[in-house]
Amino acid sequence: MFMSLMRKEVPIFLTGLMGAIIFAEYYIGAPEIKLVSAELKNWAVIIASFTVFISTFKMFVSNWSKIVKREPKQWYISIWFLFITSFMLIIGVLYSVNNSVYVWLFNNIYYTLSSSTNALMGFFIASAAFRAFKMRNIESAILLVSATLVAFTNVPIGIMLWKDFPMIGTWIRDVVNTAAFRGITIGVGVGVVFLGIRRLLGRAGGI
């Protein structure tokens with residue numbers, strides 16, 4: 001009974017209480033509430049820092065387990081991950097993130113890998129676009145025509161083929177696309193508000 005209370009009811013109560021204090025700071029603005037809210041935010045930063053440490057430790061444990069088990073096509077990648085992470089962590093902690101070795105590793109390894117990852121993502125996006133732009137119905141046909149017009153707006157050959165491509169593509173991007181995204185944003189905002197209320201009342205699962 002006590003363990004069940006500690007696992008569910010107490011976290012729900014604390015979540016609701018903390019959320020109510022943050023809401024009160026925004027809507028009421030009393031000095032005492034602002035003081036308590038600021039202290040809660042500081043504690044949130046501290047807890048978030050601990051979660052970063054715990055997640056890093058879990059990644060080390062997970063990769064070390066893959067090395068010990070010699071997991072196919074993964075254990076040698078885990079060796080490299082543990083080596084470079086430990087090396088940069090030691091340099092960053094003992095010296096600083098402004099150390100020349102740390103900066104060189106960051107600029108020449110991290111940035112290079114980021115560019116490679118983005119380049120690979122471009123191929124996946126192109127493949128997904130090819131599958132999505134098949135005209136199976138009227139909606140997919142509209143999507144294909146709109147995407148083609150916007151694409152020709154952003155490439156030099158579009159202007160060479162027809163000088164009004166930029167005007168049409170800009171109108172689709174600034175009017176049609178903006179209107180759709182505003183509707184999506186409003187829907188997401190309303191959903192987040194209701195989900196927050198359910199979380200504060202302990203109605204949402206997963207706590």
# chains A, B, ... in the order shown; residues from 1 in each chain; ligands from 1
>>> residues_around(residues="Gly16 in chain A", least_positions_apart="5", cutoff="9 Å", atoms="only C-alpha atoms", output="list in words")
Pro11, Ile21, Ile197, Arg199, Leu200, Leu201 and Gly202 of chain A
>>> select_by_dssp(residues="range 58-187 of chain A", states="helix (DSSP H, G or I)", output="PyMOL selection string")
chain A and resi 58-68+75-94+100-132+138-153+156-161+165-187
>>> write_last_selection(atoms="C-alpha atoms", output="CSV table (one decimal), in the first residue's frame")
chain,number,residue,atom,x,y,z
A,58,LYS,CA,23.6,4.7,-19.0
A,59,MET,CA,25.0,5.2,-22.5
A,60,PHE,CA,28.4,4.2,-21.2
A,61,VAL,CA,27.0,1.1,-19.6
A,62,SER,CA,25.0,0.2,-22.7
A,63,ASN,CA,28.0,0.5,-25.0
A,64,TRP,CA,30.3,-1.3,-22.6
A,65,SER,CA,27.8,-4.2,-22.6
A,66,LYS,CA,27.8,-4.3,-26.4
A,67,ILE,CA,31.6,-4.5,-26.4
A,68,VAL,CA,31.7,-7.3,-23.8
A,75,TRP,CA,30.8,-3.4,-30.7
A,76,TYR,CA,33.6,-1.7,-32.6
A,77,ILE,CA,31.4,1.4,-33.0
A,78,SER,CA,30.9,1.3,-29.2
A,79,ILE,CA,34.6,1.2,-28.6
A,80,TRP,CA,35.0,4.4,-30.7
A,81,PHE,CA,32.1,6.0,-28.9
A,82,LEU,CA,33.5,5.3,-25.4
A,83,PHE,CA,37.0,6.4,-26.5
A,84,ILE,CA,36.1,9.7,-28.1
A,85,THR,CA,33.5,10.6,-25.4
A,86,SER,CA,35.9,9.8,-22.6
A,87,PHE,CA,38.7,11.7,-24.2
A,88,MET,CA,36.6,14.9,-24.8
A,89,LEU,CA,35.1,14.6,-21.4
A,90,ILE,CA,38.5,14.5,-19.7
A,91,ILE,CA,39.9,17.4,-21.7
A,92,GLY,CA,36.8,19.5,-21.2
A,93,VAL,CA,36.7,18.9,-17.4
A,94,LEU,CA,40.4,19.1,-16.6
A,100,SER,CA,42.9,24.0,-28.4
A,101,VAL,CA,42.7,20.1,-28.5
A,102,TYR,CA,39.0,20.2,-27.5
A,103,VAL,CA,38.2,22.9,-30.1
A,104,TRP,CA,40.1,21.0,-32.8
A,105,LEU,CA,38.2,17.8,-32.1
A,106,PHE,CA,34.9,19.7,-32.0
A,107,ASN,CA,35.4,21.6,-35.2
A,108,ASN,CA,37.0,18.8,-37.2
A,109,ILE,CA,35.1,15.7,-36.0
A,110,TYR,CA,31.8,16.9,-34.6
A,111,TYR,CA,31.1,19.4,-37.4
A,112,THR,CA,32.2,16.9,-40.1
A,113,LEU,CA,30.0,14.1,-38.7
A,114,SER,CA,27.1,16.6,-38.5
A,115,SER,CA,27.5,17.6,-42.1
A,116,SER,CA,27.7,13.9,-43.2
A,117,THR,CA,24.6,13.1,-41.2
A,118,ASN,CA,22.7,16.0,-42.8
A,119,ALA,CA,23.8,14.9,-46.2
A,120,LEU,CA,22.6,11.3,-45.6
A,121,MET,CA,19.3,12.7,-44.3
A,122,GLY,CA,18.9,14.5,-47.6
A,123,PHE,CA,18.8,11.2,-49.5
A,124,PHE,CA,16.1,9.8,-47.0
A,125,ILE,CA,14.1,13.0,-47.5
A,126,ALA,CA,14.3,12.7,-51.3
A,127,SER,CA,13.2,9.0,-51.1
A,128,ALA,CA,10.3,9.9,-48.8
A,129,ALA,CA,9.3,12.7,-51.1
A,130,PHE,CA,9.3,10.4,-54.1
A,131,ARG,CA,7.0,8.0,-52.3
A,132,ALA,CA,4.7,10.8,-51.0
A,138,ILE,CA,-6.8,14.4,-55.4
A,139,GLU,CA,-5.0,15.3,-52.2
A,140,SER,CA,-1.7,13.8,-53.3
A,141,ALA,CA,-2.1,15.5,-56.7
A,142,ILE,CA,-2.5,18.9,-55.0
A,143,LEU,CA,0.6,18.1,-52.9
A,144,LEU,CA,2.6,17.2,-55.9
A,145,VAL,CA,1.7,20.3,-57.9
A,146,SER,CA,2.3,22.6,-54.9
A,147,ALA,CA,5.6,21.0,-54.1
A,148,THR,CA,6.7,21.3,-57.8
A,149,LEU,CA,5.8,25.0,-58.0
A,150,VAL,CA,7.7,25.7,-54.7
A,151,ALA,CA,10.7,23.7,-55.9
A,152,PHE,CA,10.9,25.5,-59.2
A,153,THR,CA,10.8,28.8,-57.2
A,156,PRO,CA,17.5,28.8,-61.1
A,157,ILE,CA,16.0,26.7,-63.9
A,158,GLY,CA,12.5,27.6,-62.6
A,159,ILE,CA,13.0,31.3,-63.5
A,160,MET,CA,14.5,30.3,-66.9
A,161,LEU,CA,11.4,28.2,-67.7
A,165,PHE,CA,7.4,30.7,-60.8
A,166,PRO,CA,8.9,32.7,-57.9
A,167,MET,CA,5.6,34.7,-57.5
A,168,ILE,CA,3.5,31.6,-57.4
A,169,GLY,CA,5.9,29.6,-55.1
A,170,THR,CA,6.2,32.6,-52.7
A,171,TRP,CA,2.4,32.9,-52.5
A,172,ILE,CA,2.0,29.2,-51.7
A,173,ARG,CA,4.7,29.4,-49.0
A,174,ASP,CA,3.6,32.7,-47.4
A,175,VAL,CA,-0.2,32.3,-47.7
A,176,VAL,CA,-1.3,28.7,-48.0
A,177,ASN,CA,1.5,27.1,-46.0
A,178,THR,CA,1.4,29.8,-43.3
A,179,ALA,CA,-2.4,29.4,-42.9
A,180,ALA,CA,-2.1,25.6,-42.6
A,181,PHE,CA,0.7,25.9,-40.0
A,182,ARG,CA,-1.2,28.4,-37.9
A,183,GLY,CA,-4.1,25.9,-37.8
A,184,ILE,CA,-1.8,23.1,-36.8
A,185,THR,CA,-0.1,25.4,-34.2
A,186,ILE,CA,-3.5,26.3,-32.6
A,187,GLY,CA,-4.5,22.7,-32.5
>>> residues_around(residues="Ala24 in chain A", least_positions_apart="4", cutoff="9 Å", atoms="only C-alpha atoms", output="PDB file with C-alpha atoms, in the first residue's frame")
ATOM      1  CA  GLY A  19       2.345  23.085 -11.939  1.00  0.00           C
ATOM      2  CA  ALA A  20      -0.199  25.070  -9.912  1.00  0.00           C
ATOM      3  CA  ILE A  28      -1.399  36.087 -10.164  1.00  0.00           C
ATOM      4  CA  GLY A  29       2.164  37.408  -9.943  1.00  0.00           C
ATOM      5  CA  ALA A  30       2.334  37.767  -6.144  1.00  0.00           C
ATOM      6  CA  ILE A  33       4.622  33.041  -5.430  1.00  0.00           C
ATOM      7  CA  LYS A  34       7.338  34.442  -7.712  1.00  0.00           C
ATOM      8  CA  SER A  37       8.441  29.627  -8.477  1.00  0.00           C
TER       9      SER A  37
END
